[in-house]
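Below: the structure, in structure tokens.
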Amino acid sequence: MPVAPFHLTLPSPELTARLAVRIGSLLRPGDVILLSGGIGAGKTHFARALIQSLQTVPEDVPSPTFTLVQVYDTEKGELWHSDLYRLSHPDEVIELGLVEAFESAICLIEWPDRLGDLAPHSALSLSFSLTEAEDSRELDVSWTDPDWAARLEGLADVAA
Ligand SMILES: Nc1ncnc2c1ncn2[C@@H]1O[C@H](COP(=O)(O)OP(=O)(O)OP(=O)(O)O)[C@@H](O)[C@H]1O
């Protein structure tokens, strides 16, 4: 069981998508995943694979860069996918309804540093990094709620 933050190498986009499907299967309403990493690091690629794996009716999963938020109906209830890169003011997080969504929906948040004091207390954090190899990414996995340690059991095998 991973009892501490851990690290994975994701040598292809397909591996990242497979990990996303595995994590998606663990999620329940009220779970928040914070997706960090620079431009092109793979945050949206991960989110798209996760969302598509939970959709009951397949539909496009566009990047929410300009809309800030996209909301989906999934087999696990409402899922909010948010990209806060273009947030103009932290209060916009409240106006978007995100703070309430943290309590009741599954939320995937890109650029979570923009949340400031409004960041949820409990979350799974996934931090992606580019590597010298074009198709490979490094991923740091950490969490605030110890419950995640048990839920992530066996996850490292995905990248094996
Ligand atoms: N191992 C990998 N994991 C994830 N994506 C990868 C990997 N290798 C290559 N890629 C490619 O890198 C790109 C990542 O783009 P993506 O839009 O997901 O980045 P992002 O982190 O969301 O950036 P932005 O903040 O600009 O939206 C995709 O084209 C994806 O196919």
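Residue numbering restarts at 1 in every chain; chains get A, B, ... in the order shown in the structure tokens, and ligands count up from 1 in that same order.
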
Practice problem: Identify, with DSSP run on backbone atoms, the residues in segment 29-128 of chain A assigned to helix (DSSP H, G or I), and express the list as a ChimeraX atom specification. | Solution: /A:43-54,92-95,98-104,112-118

Practice problem: Would you please give, as a list of chain:residue names, all residues of segment 49-101 of chain A that DSSP assigns to strand (DSSP E) based on the backbone? | Solution: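 Answer for segment 49-101 of chain A, restricted to strand (DSSP E): A:Val69, A:Gln70, A:Val71, A:Tyr72, A:Asp73, A:Thr74, A:Gly77, A:Glu78, A:Leu79, A:Trp80, A:His81, A:Ser82, A:Asp83.
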
Please produce a file of the residues just selected, as an mmCIF file, in the first residue's frame, where the atoms kept are all heavy atoms.
data_model
loop_
_atom_site.group_PDB
_atom_site.id
_atom_site.type_symbol
_atom_site.label_atom_id
_atom_site.label_comp_id
_atom_site.auth_asym_id
_atom_site.auth_seq_id
_atom_site.Cartn_x
_atom_site.Cartn_y
_atom_site.Cartn_z
ATOM 1 N N VAL A 69 -14.845 25.973 -17.132
ATOM 2 C CA VAL A 69 -15.439 24.773 -16.549
ATOM 3 C C VAL A 69 -16.272 24.041 -17.604
ATOM 4 O O VAL A 69 -16.962 24.674 -18.403
ATOM 5 C CB VAL A 69 -16.367 25.150 -15.362
ATOM 6 C CG1 VAL A 69 -17.246 23.972 -14.973
ATOM 7 C CG2 VAL A 69 -15.567 25.580 -14.150
ATOM 8 N N GLN A 70 -16.186 22.731 -17.614
ATOM 9 C CA GLN A 70 -17.106 21.878 -18.379
ATOM 10 C C GLN A 70 -17.702 20.887 -17.384
ATOM 11 O O GLN A 70 -16.959 20.310 -16.593
ATOM 12 C CB GLN A 70 -16.368 21.080 -19.454
ATOM 13 C CG GLN A 70 -15.660 21.886 -20.499
ATOM 14 C CD GLN A 70 -16.574 22.392 -21.594
ATOM 15 O OE1 GLN A 70 -16.319 23.433 -22.176
ATOM 16 N NE2 GLN A 70 -17.643 21.675 -21.859
ATOM 17 N N VAL A 71 -19.019 20.720 -17.440
ATOM 18 C CA VAL A 71 -19.673 19.784 -16.510
ATOM 19 C C VAL A 71 -20.232 18.603 -17.302
ATOM 20 O O VAL A 71 -20.858 18.795 -18.357
ATOM 21 C CB VAL A 71 -20.800 20.492 -15.721
ATOM 22 C CG1 VAL A 71 -21.442 19.515 -14.727
ATOM 23 C CG2 VAL A 71 -20.255 21.711 -14.982
ATOM 24 N N TYR A 72 -20.001 17.398 -16.790
ATOM 25 C CA TYR A 72 -20.441 16.168 -17.463
ATOM 26 C C TYR A 72 -21.329 15.353 -16.527
ATOM 27 O O TYR A 72 -21.103 15.325 -15.319
ATOM 28 C CB TYR A 72 -19.227 15.311 -17.844
ATOM 29 C CG TYR A 72 -18.288 16.003 -18.790
ATOM 30 C CD1 TYR A 72 -17.239 16.800 -18.309
ATOM 31 C CD2 TYR A 72 -18.467 15.912 -20.165
ATOM 32 C CE1 TYR A 72 -16.389 17.459 -19.181
ATOM 33 C CE2 TYR A 72 -17.624 16.577 -21.045
ATOM 34 C CZ TYR A 72 -16.589 17.348 -20.543
ATOM 35 O OH TYR A 72 -15.755 18.017 -21.407
ATOM 36 N N ASP A 73 -22.308 14.665 -17.132
ATOM 37 C CA ASP A 73 -23.054 13.632 -16.398
ATOM 38 C C ASP A 73 -22.299 12.331 -16.606
ATOM 39 O O ASP A 73 -22.029 11.966 -17.749
ATOM 40 C CB ASP A 73 -24.467 13.491 -16.952
ATOM 41 C CG ASP A 73 -25.364 14.589 -16.431
ATOM 42 O OD1 ASP A 73 -25.213 14.963 -15.247
ATOM 43 O OD2 ASP A 73 -26.191 15.098 -17.201
ATOM 44 N N THR A 74 -21.970 11.646 -15.542
ATOM 45 C CA THR A 74 -21.241 10.383 -15.677
ATOM 46 C C THR A 74 -21.941 9.310 -14.857
ATOM 47 O O THR A 74 -22.886 9.593 -14.099
ATOM 48 C CB THR A 74 -19.778 10.500 -15.155
ATOM 49 O OG1 THR A 74 -19.808 10.511 -13.726
ATOM 50 C CG2 THR A 74 -19.091 11.745 -15.663
ATOM 51 N N GLY A 77 -22.254 10.284 -11.300
ATOM 52 C CA GLY A 77 -22.851 11.594 -11.039
ATOM 53 C C GLY A 77 -22.102 12.695 -11.763
ATOM 54 O O GLY A 77 -21.336 12.442 -12.695
ATOM 55 N N GLU A 78 -22.326 13.926 -11.286
ATOM 56 C CA GLU A 78 -21.743 15.080 -11.969
ATOM 57 C C GLU A 78 -20.221 15.096 -11.846
ATOM 58 O O GLU A 78 -19.676 14.830 -10.770
ATOM 59 C CB GLU A 78 -22.295 16.348 -11.316
ATOM 60 C CG GLU A 78 -22.728 17.381 -12.310
ATOM 61 C CD GLU A 78 -23.494 18.513 -11.658
ATOM 62 O OE1 GLU A 78 -22.920 19.215 -10.808
ATOM 63 O OE2 GLU A 78 -24.671 18.698 -12.019
ATOM 64 N N LEU A 79 -19.571 15.421 -12.954
ATOM 65 C CA LEU A 79 -18.104 15.571 -12.948
ATOM 66 C C LEU A 79 -17.782 16.942 -13.516
ATOM 67 O O LEU A 79 -18.239 17.294 -14.610
ATOM 68 C CB LEU A 79 -17.451 14.469 -13.776
ATOM 69 C CG LEU A 79 -15.911 14.441 -13.770
ATOM 70 C CD1 LEU A 79 -15.403 13.019 -14.040
ATOM 71 C CD2 LEU A 79 -15.280 15.403 -14.765
ATOM 72 N N TRP A 80 -17.014 17.723 -12.767
ATOM 73 C CA TRP A 80 -16.595 19.056 -13.212
ATOM 74 C C TRP A 80 -15.135 18.995 -13.640
ATOM 75 O O TRP A 80 -14.284 18.544 -12.869
ATOM 76 C CB TRP A 80 -16.735 20.065 -12.069
ATOM 77 C CG TRP A 80 -18.148 20.426 -11.730
ATOM 78 C CD1 TRP A 80 -19.187 19.557 -11.530
ATOM 79 C CD2 TRP A 80 -18.679 21.746 -11.533
ATOM 80 N NE1 TRP A 80 -20.331 20.262 -11.221
ATOM 81 C CE2 TRP A 80 -20.036 21.602 -11.214
ATOM 82 C CE3 TRP A 80 -18.125 23.032 -11.582
ATOM 83 C CZ2 TRP A 80 -20.855 22.700 -10.960
ATOM 84 C CZ3 TRP A 80 -18.935 24.122 -11.320
ATOM 85 C CH2 TRP A 80 -20.292 23.947 -11.019
ATOM 86 N N HIS A 81 -14.885 19.466 -14.863
ATOM 87 C CA HIS A 81 -13.511 19.562 -15.365
ATOM 88 C C HIS A 81 -13.207 21.046 -15.530
ATOM 89 O O HIS A 81 -13.892 21.751 -16.270
ATOM 90 C CB HIS A 81 -13.407 18.834 -16.717
ATOM 91 C CG HIS A 81 -12.038 18.881 -17.321
ATOM 92 N ND1 HIS A 81 -11.811 18.676 -18.658
ATOM 93 C CD2 HIS A 81 -10.810 19.116 -16.762
ATOM 94 C CE1 HIS A 81 -10.519 18.762 -18.906
ATOM 95 N NE2 HIS A 81 -9.887 19.042 -17.781
ATOM 96 N N SER A 82 -12.203 21.513 -14.837
ATOM 97 C CA SER A 82 -11.923 22.944 -14.829
ATOM 98 C C SER A 82 -10.462 23.225 -15.149
ATOM 99 O O SER A 82 -9.572 22.481 -14.734
ATOM 100 C CB SER A 82 -12.274 23.501 -13.438
ATOM 101 O OG SER A 82 -12.076 24.878 -13.415
ATOM 102 N N ASP A 83 -10.236 24.275 -15.927
ATOM 103 C CA ASP A 83 -8.874 24.745 -16.228
ATOM 104 C C ASP A 83 -8.833 26.211 -15.798
ATOM 105 O O ASP A 83 -9.498 27.064 -16.400
ATOM 106 C CB ASP A 83 -8.605 24.604 -17.726
ATOM 107 C CG ASP A 83 -7.197 25.048 -18.097
ATOM 108 O OD1 ASP A 83 -6.599 25.852 -17.350
ATOM 109 O OD2 ASP A 83 -6.701 24.613 -19.142
#

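The neighbours of Val158 of chain A here are the residues that come within 10 Å of it, using only C-alpha atoms and leaving out any residue fewer than 6 positions away in the same chain; they are Leu8, Leu10, Leu15, Thr16, Arg18, Leu19, Ala20 and Arg22 of chain A.
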
Practice problem: Could you please extract the residues within 9 Å of ligand 1, counting only C-alpha atoms and all ligand atoms, and hand them back as an MDAnalysis selection string? | Solution: chainID A and resid 9:17 35:48 63:65 83 85 110:111 128:130 133:138

Go ahead and dump the residues you just picked, N, CA and C atoms, as a compact mmCIF listing (two decimals), in the first residue's frame.
# COMPACT_ATOMS: atom_id res chain seq x y z
N THR A 9 6.75 6.84 -13.74
CA THR A 9 7.11 7.26 -15.10
C THR A 9 6.01 6.79 -16.03
N LEU A 10 5.54 7.69 -16.90
CA LEU A 10 4.48 7.36 -17.85
C LEU A 10 5.09 7.44 -19.25
N PRO A 11 5.56 6.31 -19.78
CA PRO A 11 6.37 6.35 -20.99
C PRO A 11 5.59 6.59 -22.29
N SER A 12 4.29 6.67 -22.22
CA SER A 12 3.51 6.93 -23.45
C SER A 12 2.17 7.57 -23.07
N PRO A 13 1.53 8.26 -24.03
CA PRO A 13 0.19 8.81 -23.76
C PRO A 13 -0.80 7.71 -23.39
N GLU A 14 -0.60 6.51 -23.98
CA GLU A 14 -1.52 5.40 -23.69
C GLU A 14 -1.43 4.99 -22.21
N LEU A 15 -0.21 4.99 -21.68
CA LEU A 15 -0.04 4.64 -20.26
C LEU A 15 -0.72 5.69 -19.37
N THR A 16 -0.60 6.94 -19.75
CA THR A 16 -1.25 8.00 -18.98
C THR A 16 -2.77 7.81 -19.01
N ALA A 17 -3.28 7.44 -20.18
CA ALA A 17 -4.73 7.21 -20.29
C ALA A 17 -5.15 6.00 -19.46
N LEU A 35 -4.66 18.73 -10.80
CA LEU A 35 -3.74 18.36 -11.88
C LEU A 35 -2.78 19.51 -12.13
N SER A 36 -1.51 19.30 -11.74
CA SER A 36 -0.51 20.36 -11.91
C SER A 36 0.48 19.96 -13.00
N GLY A 37 1.23 20.97 -13.45
CA GLY A 37 2.25 20.73 -14.47
C GLY A 37 2.18 21.82 -15.52
N GLY A 38 3.28 22.03 -16.21
CA GLY A 38 3.36 23.11 -17.19
C GLY A 38 2.53 22.84 -18.44
N ILE A 39 2.62 23.76 -19.36
CA ILE A 39 1.89 23.64 -20.62
C ILE A 39 2.36 22.40 -21.37
N GLY A 40 1.39 21.58 -21.81
CA GLY A 40 1.71 20.37 -22.57
C GLY A 40 2.16 19.20 -21.71
N ALA A 41 2.03 19.33 -20.40
CA ALA A 41 2.53 18.27 -19.51
C ALA A 41 1.64 17.03 -19.53
N GLY A 42 0.37 17.18 -19.92
CA GLY A 42 -0.51 16.00 -20.01
C GLY A 42 -1.74 16.06 -19.12
N LYS A 43 -2.02 17.20 -18.53
CA LYS A 43 -3.16 17.33 -17.60
C LYS A 43 -4.48 17.04 -18.33
N THR A 44 -4.67 17.69 -19.48
CA THR A 44 -5.94 17.52 -20.20
C THR A 44 -6.03 16.12 -20.80
N HIS A 45 -4.91 15.60 -21.26
CA HIS A 45 -4.89 14.23 -21.81
C HIS A 45 -5.38 13.25 -20.74
N PHE A 46 -4.87 13.40 -19.52
CA PHE A 46 -5.28 12.55 -18.40
C PHE A 46 -6.77 12.75 -18.11
N ALA A 47 -7.20 14.01 -18.00
CA ALA A 47 -8.59 14.31 -17.64
C ALA A 47 -9.55 13.75 -18.70
N ARG A 48 -9.18 13.92 -19.96
CA ARG A 48 -10.07 13.47 -21.05
C ARG A 48 -10.27 11.94 -20.98
N SER A 63 -10.99 20.86 -24.15
CA SER A 63 -10.24 21.48 -23.06
C SER A 63 -11.06 22.66 -22.54
N PRO A 64 -11.18 22.79 -21.23
CA PRO A 64 -11.95 23.92 -20.67
C PRO A 64 -11.13 25.21 -20.54
N THR A 65 -10.07 25.33 -21.33
CA THR A 65 -9.19 26.50 -21.20
C THR A 65 -9.97 27.81 -21.31
N ASP A 83 -10.24 24.27 -15.93
CA ASP A 83 -8.87 24.75 -16.23
C ASP A 83 -8.83 26.21 -15.80
N TYR A 85 -6.33 28.30 -15.71
CA TYR A 85 -5.19 29.09 -16.20
C TYR A 85 -5.59 30.54 -16.48
N GLU A 110 -7.39 21.71 -13.30
CA GLU A 110 -6.08 22.04 -13.86
C GLU A 110 -5.67 23.43 -13.39
N TRP A 111 -4.38 23.66 -13.21
CA TRP A 111 -3.82 24.90 -12.66
C TRP A 111 -4.43 25.22 -11.29
N PHE A 128 2.36 16.53 -13.12
CA PHE A 128 2.99 16.01 -14.34
C PHE A 128 4.20 16.86 -14.71
N SER A 129 5.26 16.20 -15.22
CA SER A 129 6.42 16.93 -15.73
C SER A 129 6.80 16.39 -17.09
N LEU A 130 7.22 17.31 -17.96
CA LEU A 130 7.78 16.92 -19.25
C LEU A 130 9.14 16.27 -19.02
N ALA A 133 12.35 12.87 -23.32
CA ALA A 133 11.69 12.01 -24.32
C ALA A 133 10.31 12.59 -24.62
N GLU A 134 10.01 12.78 -25.89
CA GLU A 134 8.78 13.48 -26.29
C GLU A 134 7.51 12.84 -25.74
N ASP A 135 7.49 11.49 -25.71
CA ASP A 135 6.27 10.79 -25.33
C ASP A 135 6.25 10.32 -23.88
N SER A 136 7.21 10.75 -23.09
CA SER A 136 7.27 10.29 -21.71
C SER A 136 6.99 11.45 -20.74
N ARG A 137 6.35 11.12 -19.65
CA ARG A 137 6.07 12.12 -18.61
C ARG A 137 6.42 11.52 -17.25
N GLU A 138 6.79 12.38 -16.32
CA GLU A 138 6.98 11.97 -14.93
C GLU A 138 5.77 12.45 -14.14

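Using only C-alpha atoms, the nearest neighbour of Leu124 of chain A within the list A:Lys76, A:Ile33, A:Ala105, A:Ala4 is A:Ile33.
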
Quiz prompt | Distance query segment 144-154 of chain A at most 10 Å, only C-alpha atoms, self and fewer than 2 positions along chain excluded, as a VMD selection string | solution = chain A and resid 1 to 5 22 to 23 26 to 27 120 to 125 141 to 142 156 to 158

Self-check item: Atomic distance atom CA of Thr131 of chain A - atom CA of Leu108 of chain A, expressed in Å with one decimal
Solution: 23.2 Å

Practice problem: Fewer than 2 positions away in the same chain doesn't count, so skip those; otherwise give me all residues within 12 Å of Val57 of chain A, counting only C-alpha atoms, as number ranges by chain. | Solution: A: 51-55, 59-61, 72-75

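Between atom CA of Arg114 of chain A and atom CA of Asp31 of chain A the interatomic distance comes to 18.6 Å.
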
Self-check item: Nearest candidate to Ser104 of chain A (options A:Ser25, A:His7, A:Leu118, A:Val32; using only C-alpha atoms)
Solution: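 Selected residue with least distance to Ser104 of chain A: A:Val32.
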